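Before any comments, here is the structure.
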Protein chains: 2
Amino acid sequence: MATNETPRFVSGIELAGAGGYDQLRVKQYPYRTPDANEIVMRIKFSGLNFADLMRRQGLYSPVPKFPYVPGFEASGIIEAVGSNVSHLSVGDRAIAFASDGMWADIVTLPSHQCFKMPDTMSFEEGAALLVNYITAYQILFEFGNLRPNKSVLVHMAAGGVGIAAIQLCKTVNNVTVFGTASAAKHSIIEDMGCTHPIDYHTQDYVSEIRKISPQGVDIIMDPLNGEDSVRGFDLLKPLGRIIYFGAANVAASGENRSYFTAFKTWLKCFATNSMSILSTNKSIAGYHLGYLLKDLDSTKGSAFETVNELFRLYDEGAIKPQIDNIYPYSKVGEAMQRMHNRQNIGKVLLRPDDDDIKKIGEKE
Amino acid sequence: MATNETPRFVSGIELAGAGGYDQLRVKQYPYRTPDANEIVMRIKFSGLNFADLMRRQGLYSPVPKFPYVPGFEASGIIEAVGSNVSHLSVGDRAIAFASDGMWADIVTLPSHQCFKMPDTMSFEEGAALLVNYITAYQILFEFGNLRPNKSVLVHMAAGGVGIAAIQLCKTVNNVTVFGTASAAKHSIIEDMGCTHPIDYHTQDYVSEIRKISPQGVDIIMDPLNGEDSVRGFDLLKPLGRIIYFGAANVAASGENRSYFTAFKTWLKCFATNSMSILSTNKSIAGYHLGYLLKDLDSTKGSAFETVNELFRLYDEGAIKPQIDNIYPYSKVGEAMQRMHNRQNIGKVLLRPDDDDIKKIGEKE
């Protein structure tokens with residue numbers, strides 16, 4: 001080292017390779033000084049997303065080269081800013097997103113990926129906002145073109161994106177929301193604004209929706225894929241649109257991936273082409289925040305606009321992230337299993353351990 | 001006949017089967033008295049659409065059983081109304097659409113397919129409005145979700161739908177319009193509001209657009225299909241959408257269809273599925289007014305809203321249908337050849353012949 005400073009290290013959870021929870025382990029790596037356009041944030045909470053589960057199973061791209069530190073989003077306090085950064089100052093309460101690297105105690109990242117939080121927003125809410133609400137917002141208002149008097153089907157309606165979607169639907173006049181969730185979660189999603197909760201364990205959502213709306217629905221948010229991608233397309237009204245934004249049906253519910261499950265999902269997924277789709281008067285879209293984040297230079301305009309709109313809606317009380325549970329990094333496996341089992345209602349968060357991160361991969 | 005009335009006959013152009021212009025011929029058929037929910041309109045002008053050319057070549061569905069009278073739209077004067085009809089009266093200047101049957105001198109049809117024209121709209125403009133402007137409007141504002149500061153690629157920009165699209169883009173703040181047309185038509189489409197005319201005979205539209213906008217475009221209206229469907233998808237920005245609404249590349253430019261041309265177009269068309277599209281952050285849609293018209297009961301709400309909005313824009317001077325040429329029914333073959341050759345600028349209209357229709361299918 002050319003300086004006299006003691007080298008500083010930060011901690012994160014590293015994913016060593018595709019596989020089970022034992023692939024997640026503590027890592028310490030050198031602190032990186034911010035360049036002129038970067039900031040440093042000390043993390044309070046970071047978000048767990050379904051995409052993290054699929055990445056761990058090796059079923060999600062883009063995947064950085066192993067080993068790497070996962071994590072798309074976090075809240076925290078600004079510790080340092082580069083000389084060109086004007087919209088953030090040391091001490092600011094902030095939230096940030098990235099294509100990876102956020103499951104750490106300290107991150108250094110480009111300032112345009114970081115936003116000063118509204119004063120009334122808690123760190124927990126902040127860590128739960130970006131991925132779920134940007135996803136739901138852009139699906140509903142960019143691809144979905146949601147307007148008054150439309151109907152929307154939200155799968156996994158009690159999950160992080162599901163609750164964000166329900167809240168955002170309620171910001172538009174007279175939108176009918178069909179939401180699938182297990183029966184125990186129905187009263188919660190009804191309170192959020194879901195018009196018709198459907199128990200996917202005991203009811204067929206297509207026939208339930210047809211009973212209420214024989215013509216089908218205008219917009220479907222589909223994180224499931226596989227056979228649901230076909231059923232959804234068929235369920236659309238004329239001029240309807242389905243937005244695929246995941247493939248939860250691909251992910252085995254256990255710790256490791258199942259090629260059989262993944263293959264079945266591929267075989268059953270909805271296929272079309274520019275000639276066949278002509279006569280349908282329908283639209284399909286793919287939404288993938290991970291790739292948008294990789295290409296931030298071209299999309300930061302849209303992300304900035306969306307985040308500002310979300311802050312405005314938060315200040316109005318129109319949206320409020322719902323926190324399910326908070327796990328220390330050392331319990332990330334338990335946190336993941338909770339999501340795999342679809343036990344969560346709202347967002348699962350992670351936080352730096354109180355002491356050193358040392359229990360990763362251990363089972364209790 | 002149970003009555004003493006002389007049976008009344010109306011005239012139309014019948015399409016006997018798929019093929020060349022000789023398949024089009026005069027037909028006289030009995031006048032049909034309107035039921036309680038129908039109206040009778042004496043036609044002034046009817047519209048010719050690219051879909052009519054493809055139907056004649058047998059390359060467009062839905063095709064009614066041969067023989068039938070084609071024609072999707074017309075303007076005229078109301079001659080009779082059923083007892084339940086309140087929004088139209090005898091003597092009203094009106095426009096109407098249908099899934100077929102409008103190339104006639106008199107039509108009887110459901111009143112919800114018929115609209116009273118704005119006072120200042122000519123019969124020629126009226127006959128040119130419905131198919132082209134509903135198509136362009138629903139593509140841009142339903143599937144396209146057009147908003148300020150977006151960019152749009154309009155193929156065949158000097159055609160009926162193309163001009164409608166350019167005019168509608170200009171109703172939104174700061175929209176960039178790329179339009180393909182032969183060089184001779186550039187000054188006209190520029191006057192209409194096309195920002196960047198591109199001569200598809202001498203320039204590659206993809207590289208021309210990339211020069212101006214390296215990121216690509218937000219919305220593509222694609223009536224071509226085939227290899228252009230793939231090039232268009234690739235040209236989309238993140239969160240961009242392409243709307244396929246025809247397959248002009250399928251239609252041979254001659255009088256009869258070419259299976260070779262049709263087959264080549266199919267082979268080259270853009271194919272995807274709900275898994276592959278996930279990572280693209282793009283959307284594809286199919287728009288087909290013919291099928292929407294077949295299913296009017298479910299879509300009449302949307303059509304009514306759109307027509308009312310178009311009337312409002314017409315009254316404001318924001319849109320104005322551009323008439324290319326008017327042919328008597330007996331010259332429908334010539335009219336079609338003009339469209340096949342892409343010679344038209346704006347809408348080609350047909351009108352009942354001054355005397356009996358007798359020259360159909362003859363060549364001069």
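Residue numbering restarts at 1 in every chain; chains get A, B, ... in the order shown in the structure tokens, and ligands count up from 1 in that same order.
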
Contacts of Ile323 (chain B) at 8 Å or less, counting only C-alpha atoms, minus same-chain residues fewer than 4 places along, as a PyMOL selection string? chain B and resi 124-125+128+345-349

Return as a PyMOL selection string the residues belonging to chain A that are within 8 Å of chain B, counting only C-alpha atoms. chain A and resi 142-143+145+215+225-226+229+238-239+244-247+266+269-275+277-288+291-292+298-299

Select, from A:Ala164, A:Leu313, A:Met117, A:Leu350, the residue with the minimum atom-to-atom distance to Pro328 (chain A), counting only C-alpha atoms.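 Going through A:Ala164, A:Leu313, A:Met117, A:Leu350 one by one, the smallest distance to Pro328 (chain A) is for A:Leu350.
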
May I have all residues of region 103-195 of chain B that DSSP, computed from the backbone, assigns to strand (DSSP E), given as a PyMOL selection string? chain B and resi 106-110+114-116+151-154+176-180

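Using only C-alpha atoms, the residues found no farther than 8 Å from Val10 (chain A), other than those of its own chain fewer than 5 positions away, are Gln28, Tyr29, Pro30, Tyr31, Ala104, Asp105 and Ile106 of chain A.
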
Using only C-alpha atoms, pick whichever of B:Pro118, B:Pro7, B:Gly101, B:Gly76 has the shortest atom-to-atom distance to Arg312 (chain B).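 The shortest atom-to-atom distance to Arg312 (chain B) comes from B:Pro118.
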
Just list as number ranges by chain whatever in region 228-303 of chain B DSSP marks as alpha helix (DSSP H). B: 228-235, 259-268, 289-294, 296-303

Contacts of Lys320 (chain A) at 12 Å (only C-alpha atoms; same-chain gap of 2+ positions) as a ChimeraX atom specification: /A:120-122,124-130,132-133,160,163-168,192,310-318,322-323,346-347
